[in-house]
Amino acid sequence: MELGIITDSASDLSPAAAGELGVGLVPLYVQVGSARYKDWRELDPDSLYAQIRQGAHPSTEPPTVGDFIEVYERYLRHYDRLLSIHLSGEISLTVERAREAAGKVAPGRIRIFDSRTVSGGLSALVYRAAECVAMGWEEEAIVAELRRIQREDAILFSVASLEHLVRGGRLPRIGQAIGDLLGLRPILTVQEGKIKMVRAVREAAVAQNLVKQALEPLKGRRVRVTIAHADAPGEVLEEIKELTNKAGVLLDKGRVIRMGSIVTAHTGLGTLGVHAYPVA
């Protein structure tokens with residue numbers, strides 16, 4: 001039985017990357033001033049980065065039920081079943097819209113999977129699901145693998161300012177006060193689908209803390225690592241790569257991705273993230 005994979009643009013998979021994987025991509029929406037764009041399709045990261053530098057304050061909306069229906073119907077012409085993997089339901093209505101659309105299109109042929117994460121964490125699940133499909137795994141085995149990754153992975157990120165997360169209601173204002181008063185950068189994580197603050201550190205210690213928090217629990221194991229960023233300096237990305245190579249893990253695969261408009265709208269420029277999970 002042929003299984004197709006669907007995700008949304010909060011995975012930070014570009015249309016080209018999704019196409020190479022054979023994955024269907026449902027875009028979220030980005031509002032910048034009076035203009036409304038489909039993420040990645042009508043607004044690429046560079047364009048949004050430039051508008052934010054000019055003072056724009058973007059907001060986001062989940063896909064409509066109709067957006068999901070269009071993609072589901074198109075992919076069901078080629079696949080017997082679909083596994084639809086989406087942005088955490090704790091921070092977006094995206095997965096709820098997916099469920100509603102699946103119920104209208106073909107409830108017995110579409111499984112909705114709440115990733116309970118975002119960006120590099122979500123893309124890692126999508127890559128793994130696509131890989132398992134290519135290896136001929138059964139659907140239940142693939143879902144079990146995604147759940148194992150959810151139990152064992154780590155995602156840490158840091159933002160230059162908590163303003164965007166606070167404004168979007170994703171983080172309590174007390175966190176903003178800590179960062180602003182002390183002049184430090186926060187280290188945050190995603191636990192049970194929600195964004196939580198871990199600690200505040202000096203700017204120079206951000207890369208070291210991200211790698212340590214993500215990889216120290218996985219020492220000695222074979223791991224896959226995704227580094228995600230929103231216009232971060234190249235030297236910082238190189239520092240994270242170097243620290244990863246020295247972290248005492250066996251690097252199975254590594255990727256560097258740019259954060260798209262959805263994630264950047266809520267975290268701001270300069271955001272850095274590290275996601276890691278062990279290979280079973």
# chains A, B, ... in the order shown; residues from 1 in each chain; ligands from 1

call {"tool": "closest_atom_pairs", "arguments": {"of": "stretch 53-93 of chain A", "to": "stretch 257-270 of chain A", "cutoff": "9 Å", "atoms": "only C-alpha atoms", "output": "Markdown table"}}
result
| residue | atom | partner | partner_atom | distance |
| --- | --- | --- | --- | --- |
| A:Arg53 | CA | A:Leu269 | CA | 8.4 |
| A:His57 | CA | A:Ala265 | CA | 7.5 |
| A:Pro58 | CA | A:Ala265 | CA | 5.4 |
| A:Ser59 | CA | A:Ala265 | CA | 6.1 |
| A:Thr60 | CA | A:Ile262 | CA | 6.3 |
| A:Glu61 | CA | A:Ile262 | CA | 8.7 |

call {"tool": "closest_atom_pairs", "arguments": {"of": "stretch 60-155 of chain A", "to": "stretch 20-34 of chain A", "cutoff": "9 Å", "atoms": "only C-alpha atoms", "output": "CSV"}}
result
residue,atom,partner,partner_atom,distance
A:Thr60,CA,A:Val30,CA,4.5
A:Glu61,CA,A:Tyr29,CA,5.0
A:Pro62,CA,A:Leu28,CA,4.9
A:Pro63,CA,A:Leu28,CA,4.8
A:Thr64,CA,A:Leu28,CA,8.4
A:Asp67,CA,A:Val26,CA,6.9
A:Phe68,CA,A:Val26,CA,6.6
A:Val71,CA,A:Gly24,CA,7.0
A:Tyr72,CA,A:Gly24,CA,8.5
A:Tyr75,CA,A:Gly24,CA,7.5
A:Ser84,CA,A:Gly24,CA,8.8
A:Thr94,CA,A:Leu28,CA,8.0
A:Val126,CA,A:Val23,CA,8.2
A:Tyr127,CA,A:Leu21,CA,7.5
A:Ala130,CA,A:Leu21,CA,6.5
A:Glu131,CA,A:Leu21,CA,8.4

call {"tool": "select_by_dssp", "arguments": {"residues": "stretch 71-192 of chain A", "states": "alpha helix (DSSP H)", "output": "NGL selection string"}}
result
:A and (71-75 or 94-105 or 120-134 or 139-152 or 163-167 or 173-182)

call {"tool": "write_last_selection", "arguments": {"atoms": "C-alpha atoms", "output": "PDB file, in the first residue's frame"}}
result
ATOM      1  CA  VAL A  71      -3.392  19.021  -1.074  1.00  0.00           C
ATOM      2  CA  TYR A  72      -5.026  15.890   0.339  1.00  0.00           C
ATOM      3  CA  GLU A  73      -7.218  15.365  -2.721  1.00  0.00           C
ATOM      4  CA  ARG A  74      -4.258  15.859  -5.046  1.00  0.00           C
ATOM      5  CA  TYR A  75      -2.009  13.413  -3.196  1.00  0.00           C
ATOM      6  CA  THR A  94      -2.612  23.979  11.941  1.00  0.00           C
ATOM      7  CA  VAL A  95      -3.000  20.378  13.090  1.00  0.00           C
ATOM      8  CA  GLU A  96      -6.641  21.009  14.042  1.00  0.00           C
ATOM      9  CA  ARG A  97      -7.347  22.321  10.534  1.00  0.00           C
ATOM     10  CA  ALA A  98      -5.616  19.237   9.123  1.00  0.00           C
ATOM     11  CA  ARG A  99      -7.882  16.954  11.164  1.00  0.00           C
ATOM     12  CA  GLU A 100     -10.981  18.790  10.001  1.00  0.00           C
ATOM     13  CA  ALA A 101      -9.910  18.542   6.372  1.00  0.00           C
ATOM     14  CA  ALA A 102      -9.037  14.842   6.691  1.00  0.00           C
ATOM     15  CA  GLY A 103     -12.495  14.152   8.074  1.00  0.00           C
ATOM     16  CA  LYS A 104     -14.072  15.833   5.077  1.00  0.00           C
ATOM     17  CA  VAL A 105     -11.881  14.259   2.414  1.00  0.00           C
ATOM     18  CA  GLY A 120      14.247  21.646  12.740  1.00  0.00           C
ATOM     19  CA  GLY A 121      12.375  19.228  14.992  1.00  0.00           C
ATOM     20  CA  LEU A 122       9.429  18.986  12.616  1.00  0.00           C
ATOM     21  CA  SER A 123      11.620  18.682   9.532  1.00  0.00           C
ATOM     22  CA  ALA A 124      13.626  15.892  11.193  1.00  0.00           C
ATOM     23  CA  LEU A 125      10.424  13.878  11.670  1.00  0.00           C
ATOM     24  CA  VAL A 126       9.390  14.499   8.074  1.00  0.00           C
ATOM     25  CA  TYR A 127      12.796  13.478   6.712  1.00  0.00           C
ATOM     26  CA  ARG A 128      12.740  10.312   8.811  1.00  0.00           C
ATOM     27  CA  ALA A 129       9.196   9.435   7.749  1.00  0.00           C
ATOM     28  CA  ALA A 130      10.086   9.904   4.079  1.00  0.00           C
ATOM     29  CA  GLU A 131      13.215   7.798   4.552  1.00  0.00           C
ATOM     30  CA  CYS A 132      11.212   5.006   6.165  1.00  0.00           C
ATOM     31  CA  VAL A 133       8.664   5.078   3.328  1.00  0.00           C
ATOM     32  CA  ALA A 134      11.511   4.746   0.830  1.00  0.00           C
ATOM     33  CA  GLU A 139       2.747   2.806   8.332  1.00  0.00           C
ATOM     34  CA  GLU A 140       2.486   1.581  11.945  1.00  0.00           C
ATOM     35  CA  ALA A 141       6.241   1.059  12.123  1.00  0.00           C
ATOM     36  CA  ILE A 142       6.838   4.575  10.799  1.00  0.00           C
ATOM     37  CA  VAL A 143       4.490   6.110  13.364  1.00  0.00           C
ATOM     38  CA  ALA A 144       6.191   4.109  16.125  1.00  0.00           C
ATOM     39  CA  GLU A 145       9.559   5.469  14.958  1.00  0.00           C
ATOM     40  CA  LEU A 146       8.274   9.045  15.012  1.00  0.00           C
ATOM     41  CA  ARG A 147       6.978   8.536  18.544  1.00  0.00           C
ATOM     42  CA  ARG A 148      10.342   7.111  19.609  1.00  0.00           C
ATOM     43  CA  ILE A 149      12.067  10.203  18.249  1.00  0.00           C
ATOM     44  CA  GLN A 150       9.604  12.407  20.144  1.00  0.00           C
ATOM     45  CA  ARG A 151      10.535  10.623  23.377  1.00  0.00           C
ATOM     46  CA  GLU A 152      14.297  10.796  22.862  1.00  0.00           C
ATOM     47  CA  GLU A 163       9.811  40.497  21.992  1.00  0.00           C
ATOM     48  CA  HIS A 164       8.391  38.408  19.147  1.00  0.00           C
ATOM     49  CA  LEU A 165       7.545  35.375  21.295  1.00  0.00           C
ATOM     50  CA  VAL A 166       5.924  37.529  23.981  1.00  0.00           C
ATOM     51  CA  ARG A 167       3.929  39.553  21.452  1.00  0.00           C
ATOM     52  CA  ARG A 173       6.285  38.243  29.911  1.00  0.00           C
ATOM     53  CA  ILE A 174       8.474  37.327  32.877  1.00  0.00           C
ATOM     54  CA  GLY A 175      10.874  35.697  30.424  1.00  0.00           C
ATOM     55  CA  GLN A 176      11.199  38.934  28.471  1.00  0.00           C
ATOM     56  CA  ALA A 177      12.008  40.815  31.670  1.00  0.00           C
ATOM     57  CA  ILE A 178      14.848  38.407  32.492  1.00  0.00           C
ATOM     58  CA  GLY A 179      16.452  38.849  29.093  1.00  0.00           C
ATOM     59  CA  ASP A 180      15.965  42.608  28.961  1.00  0.00           C
ATOM     60  CA  LEU A 181      17.151  43.391  32.484  1.00  0.00           C
ATOM     61  CA  LEU A 182      20.275  41.276  32.401  1.00  0.00           C
TER      62      LEU A 182
END

call {"tool": "residues_around", "arguments": {"residues": "A:Ser88", "least_positions_apart": "4", "cutoff": "12 Å", "atoms": "only C-alpha atoms", "output": "NGL selection string"}}
result
:A and (7-8 or 10-11 or 62 or 92-96 or 98 or 112-119 or 121-122 or 150 or 190-195)

call {"tool": "write_last_selection", "arguments": {"atoms": "N, CA, C and O atoms", "output": "CSV table (one decimal), in the first residue's frame"}}
result
chain,number,residue,atom,x,y,z
A,7,THR,N,3.3,17.6,5.1
A,7,THR,CA,3.6,18.5,6.2
A,7,THR,C,3.2,19.9,5.9
A,7,THR,O,2.6,20.2,4.9
A,8,ASP,N,3.6,20.8,6.8
A,8,ASP,CA,3.3,22.2,6.6
A,8,ASP,C,4.6,23.0,6.6
A,8,ASP,O,5.7,22.5,6.9
A,10,ALA,N,5.8,25.3,8.5
A,10,ALA,CA,6.6,25.5,9.7
A,10,ALA,C,7.7,24.4,9.9
A,10,ALA,O,8.5,24.5,10.9
A,11,SER,N,7.7,23.5,9.0
A,11,SER,CA,8.8,22.5,9.0
A,11,SER,C,10.1,23.1,8.5
A,11,SER,O,11.2,22.5,8.6
A,62,PRO,N,-2.7,30.0,10.4
A,62,PRO,CA,-2.6,28.6,9.9
A,62,PRO,C,-3.2,28.4,8.6
A,62,PRO,O,-4.0,29.3,8.1
A,92,SER,N,-0.3,26.2,17.6
A,92,SER,CA,-0.9,26.6,16.3
A,92,SER,C,-2.2,25.7,16.1
A,92,SER,O,-2.2,24.6,16.5
A,93,LEU,N,-3.1,26.3,15.3
A,93,LEU,CA,-4.3,25.6,15.0
A,93,LEU,C,-4.1,24.7,13.7
A,93,LEU,O,-5.1,24.1,13.2
A,94,THR,N,-2.9,24.7,13.2
A,94,THR,CA,-2.6,24.0,11.9
A,94,THR,C,-3.1,22.5,12.0
A,94,THR,O,-3.7,22.0,11.1
A,95,VAL,N,-2.7,21.8,13.0
A,95,VAL,CA,-3.0,20.4,13.1
A,95,VAL,C,-4.5,20.2,13.2
A,95,VAL,O,-5.1,19.2,12.7
A,96,GLU,N,-5.2,21.1,13.9
A,96,GLU,CA,-6.6,21.0,14.0
A,96,GLU,C,-7.3,21.2,12.7
A,96,GLU,O,-8.3,20.5,12.3
A,98,ALA,N,-5.9,20.5,9.9
A,98,ALA,CA,-5.6,19.2,9.1
A,98,ALA,C,-6.6,18.1,9.5
A,98,ALA,O,-7.1,17.4,8.6
A,112,ILE,N,-3.4,11.9,10.9
A,112,ILE,CA,-2.8,13.2,11.3
A,112,ILE,C,-1.9,12.9,12.5
A,112,ILE,O,-2.3,12.3,13.5
A,113,PHE,N,-0.7,13.5,12.4
A,113,PHE,CA,0.3,13.3,13.4
A,113,PHE,C,0.8,14.6,13.9
A,113,PHE,O,1.4,15.4,13.2
A,114,ASP,N,0.5,14.9,15.2
A,114,ASP,CA,1.0,16.1,15.9
A,114,ASP,C,2.5,16.0,16.3
A,114,ASP,O,2.8,15.2,17.1
A,115,SER,N,3.3,16.7,15.6
A,115,SER,CA,4.8,16.6,15.9
A,115,SER,C,5.2,17.0,17.3
A,115,SER,O,6.2,16.7,17.8
A,116,ARG,N,4.4,17.9,17.8
A,116,ARG,CA,4.6,18.6,19.1
A,116,ARG,C,5.9,19.3,19.1
A,116,ARG,O,6.6,19.5,20.2
A,117,THR,N,6.3,19.8,17.9
A,117,THR,CA,7.6,20.6,17.8
A,117,THR,C,7.4,21.5,16.6
A,117,THR,O,6.3,21.6,16.0
A,118,VAL,N,8.6,22.0,16.2
A,118,VAL,CA,8.5,23.0,15.1
A,118,VAL,C,9.9,23.1,14.4
A,118,VAL,O,10.9,22.6,15.0
A,119,SER,N,10.0,23.7,13.2
A,119,SER,CA,11.2,24.0,12.5
A,119,SER,C,12.1,22.7,12.4
A,119,SER,O,11.7,21.7,11.8
A,121,GLY,N,13.0,20.4,14.4
A,121,GLY,CA,12.4,19.2,15.0
A,121,GLY,C,11.3,18.6,14.1
A,121,GLY,O,11.3,17.4,13.9
A,122,LEU,N,10.5,19.5,13.5
A,122,LEU,CA,9.4,19.0,12.6
A,122,LEU,C,10.0,18.4,11.3
A,122,LEU,O,9.7,17.4,10.9
A,150,GLN,N,10.2,11.4,19.2
A,150,GLN,CA,9.6,12.4,20.1
A,150,GLN,C,10.0,12.2,21.6
A,150,GLN,O,10.2,13.1,22.3
A,190,VAL,N,11.4,23.2,23.5
A,190,VAL,CA,10.0,22.8,23.3
A,190,VAL,C,9.7,21.6,24.0
A,190,VAL,O,10.4,20.5,23.7
A,191,GLN,N,8.9,21.6,25.0
A,191,GLN,CA,8.5,20.4,25.8
A,191,GLN,C,7.0,20.2,25.7
A,191,GLN,O,6.2,21.1,26.0
A,192,GLU,N,6.6,19.0,25.4
A,192,GLU,CA,5.2,18.6,25.3
A,192,GLU,C,4.5,19.6,24.4
A,192,GLU,O,3.3,20.0,24.6
A,193,GLY,N,5.2,20.1,23.3
A,193,GLY,CA,4.6,21.0,22.4
A,193,GLY,C,4.6,22.4,22.7
A,193,GLY,O,4.2,23.3,21.9
A,194,LYS,N,5.1,22.8,23.9
A,194,LYS,CA,5.1,24.2,24.3
A,194,LYS,C,6.5,24.7,24.4
A,194,LYS,O,7.4,24.0,24.8
A,195,ILE,N,6.6,26.0,24.2
A,195,ILE,CA,7.9,26.7,24.3
A,195,ILE,C,8.1,27.1,25.8
A,195,ILE,O,7.3,27.6,26.4

call {"tool": "select_by_dssp", "arguments": {"residues": "stretch 55-268 of chain A", "states": "strand (DSSP E)", "output": "number ranges by chain"}}
result
A: 59-61, 81-86, 110-114, 154-158, 185-191, 194-201, 222-229, 250-258

call {"tool": "write_last_selection", "arguments": {"atoms": "N, CA and C atoms", "output": "short mmCIF file (atom, residue, chain, number, x, y, z; two decimals), in the first residue's frame"}}
result
data_model
loop_
_atom_site.label_atom_id
_atom_site.label_comp_id
_atom_site.auth_asym_id
_atom_site.auth_seq_id
_atom_site.Cartn_x
_atom_site.Cartn_y
_atom_site.Cartn_z
N SER A 59 2.87 38.79 11.31
CA SER A 59 2.07 37.85 12.09
C SER A 59 1.75 36.66 11.19
N THR A 60 1.20 35.60 11.77
CA THR A 60 0.97 34.38 10.99
C THR A 60 -0.44 33.84 11.20
N GLU A 61 -0.87 33.03 10.25
CA GLU A 61 -2.16 32.35 10.33
C GLU A 61 -1.96 30.91 9.86
N ARG A 81 -2.77 5.94 1.08
CA ARG A 81 -2.96 6.58 2.38
C ARG A 81 -1.97 7.74 2.53
N LEU A 82 -2.30 8.65 3.47
CA LEU A 82 -1.42 9.79 3.74
C LEU A 82 -1.11 9.86 5.23
N LEU A 83 0.15 10.19 5.55
CA LEU A 83 0.57 10.49 6.91
C LEU A 83 0.90 11.98 6.93
N SER A 84 0.11 12.75 7.66
CA SER A 84 0.20 14.21 7.64
C SER A 84 0.80 14.68 8.97
N ILE A 85 2.03 15.22 8.90
CA ILE A 85 2.83 15.52 10.10
C ILE A 85 2.94 17.04 10.25
N HIS A 86 2.51 17.56 11.42
CA HIS A 86 2.36 19.01 11.50
C HIS A 86 2.90 19.66 12.77
N ILE A 110 -6.36 9.07 5.86
CA ILE A 110 -5.41 10.11 6.26
C ILE A 110 -5.18 10.05 7.76
N ARG A 111 -3.94 9.87 8.17
CA ARG A 111 -3.58 9.90 9.59
C ARG A 111 -2.90 11.23 9.89
N ILE A 112 -3.39 11.92 10.90
CA ILE A 112 -2.81 13.20 11.32
C ILE A 112 -1.88 12.94 12.49
N PHE A 113 -0.66 13.47 12.39
CA PHE A 113 0.35 13.28 13.44
C PHE A 113 0.81 14.64 13.94
N ASP A 114 0.55 14.89 15.22
CA ASP A 114 0.99 16.14 15.86
C ASP A 114 2.46 15.96 16.26
N ALA A 154 15.88 16.18 21.42
CA ALA A 154 16.06 17.43 22.15
C ALA A 154 16.06 18.56 21.15
N ILE A 155 15.40 19.66 21.50
CA ILE A 155 15.42 20.84 20.65
C ILE A 155 15.65 22.05 21.54
N LEU A 156 16.72 22.76 21.24
CA LEU A 156 17.09 23.97 21.99
C LEU A 156 17.25 25.11 21.00
N PHE A 157 16.82 26.30 21.39
CA PHE A 157 17.02 27.44 20.52
C PHE A 157 17.19 28.71 21.33
N SER A 158 17.74 29.71 20.67
CA SER A 158 17.96 30.99 21.32
C SER A 158 17.53 32.10 20.38
N ARG A 185 21.03 36.44 26.51
CA ARG A 185 20.20 35.75 25.52
C ARG A 185 19.57 34.52 26.15
N PRO A 186 18.28 34.32 25.92
CA PRO A 186 17.61 33.15 26.51
C PRO A 186 17.90 31.88 25.74
N ILE A 187 17.97 30.77 26.46
CA ILE A 187 17.99 29.44 25.86
C ILE A 187 16.61 28.85 26.12
N LEU A 188 15.93 28.44 25.06
CA LEU A 188 14.57 27.92 25.18
C LEU A 188 14.50 26.51 24.62
N THR A 189 13.41 25.83 24.96
CA THR A 189 13.20 24.49 24.43
C THR A 189 11.72 24.33 24.10
N VAL A 190 11.39 23.21 23.51
CA VAL A 190 9.99 22.85 23.27
C VAL A 190 9.74 21.55 24.01
N GLN A 191 8.86 21.60 25.01
CA GLN A 191 8.51 20.43 25.80
C GLN A 191 7.02 20.21 25.75
N LYS A 194 5.06 22.80 23.88
CA LYS A 194 5.05 24.20 24.31
C LYS A 194 6.47 24.75 24.43
N ILE A 195 6.61 26.04 24.18
CA ILE A 195 7.91 26.70 24.31
C ILE A 195 8.15 27.05 25.77
N LYS A 196 9.30 26.66 26.27
CA LYS A 196 9.64 26.92 27.67
C LYS A 196 11.06 27.48 27.76
N MET A 197 11.27 28.33 28.75
CA MET A 197 12.59 28.92 28.94
C MET A 197 13.45 28.00 29.81
N VAL A 198 14.70 27.83 29.40
CA VAL A 198 15.64 26.99 30.14
C VAL A 198 16.54 27.83 31.02
N ARG A 199 17.18 28.84 30.41
CA ARG A 199 18.09 29.71 31.15
C ARG A 199 18.43 30.92 30.29
N ALA A 200 19.17 31.86 30.88
CA ALA A 200 19.69 33.01 30.13
C ALA A 200 21.21 32.96 30.21
N VAL A 201 21.86 33.22 29.08
CA VAL A 201 23.32 33.11 29.03
C VAL A 201 23.91 34.32 28.29
N ARG A 222 24.83 7.31 18.26
CA ARG A 222 24.78 7.79 16.89
C ARG A 222 23.58 8.72 16.77
N VAL A 223 23.82 9.94 16.29
CA VAL A 223 22.75 10.94 16.31
C VAL A 223 22.62 11.64 14.96
N ARG A 224 21.48 12.24 14.78
CA ARG A 224 21.23 13.12 13.65
C ARG A 224 20.95 14.51 14.20
N VAL A 225 21.56 15.51 13.59
CA VAL A 225 21.49 16.87 14.11
C VAL A 225 21.02 17.82 13.01
N THR A 226 20.10 18.70 13.38
CA THR A 226 19.65 19.77 12.49
C THR A 226 19.94 21.10 13.15
N ILE A 227 20.66 21.96 12.45
CA ILE A 227 20.90 23.33 12.90
C ILE A 227 20.00 24.24 12.08
N ALA A 228 19.16 25.01 12.76
CA ALA A 228 18.23 25.92 12.08
C ALA A 228 18.56 27.35 12.50
N HIS A 229 18.43 28.28 11.57
CA HIS A 229 18.75 29.66 11.92
C HIS A 229 17.96 30.64 11.07
N LEU A 250 28.33 10.31 17.88
CA LEU A 250 28.67 9.81 16.55
C LEU A 250 27.67 10.42 15.58
N LEU A 251 28.13 11.37 14.77
CA LEU A 251 27.22 12.10 13.89
C LEU A 251 26.85 11.23 12.69
N ASP A 252 25.59 10.83 12.64
CA ASP A 252 25.09 10.02 11.54
C ASP A 252 24.76 10.90 10.33
N LYS A 253 24.03 11.98 10.58
CA LYS A 253 23.69 12.94 9.54
C LYS A 253 23.55 14.32 10.18
N GLY A 254 23.91 15.34 9.42
CA GLY A 254 23.76 16.71 9.90
C GLY A 254 23.21 17.59 8.79
N ARG A 255 22.34 18.53 9.16
CA ARG A 255 21.76 19.46 8.20
C ARG A 255 21.77 20.87 8.78
N VAL A 256 21.91 21.84 7.91
CA VAL A 256 21.74 23.24 8.29
C VAL A 256 20.61 23.80 7.44
N ILE A 257 19.58 24.36 8.09
CA ILE A 257 18.44 24.90 7.36
C ILE A 257 18.17 26.33 7.81
N ARG A 258 17.59 27.09 6.90
CA ARG A 258 17.17 28.44 7.26
C ARG A 258 15.73 28.41 7.74
#

call {"tool": "atom_distance", "arguments": {"atom1": "atom CA of A:Gln51", "atom2": "atom CA of A:Ala230"}}
result
13.2 Å

call {"tool": "atom_distance", "arguments": {"atom1": "atom CA of A:Tyr79", "atom2": "atom CA of A:Leu3"}}
result
5.7 Å
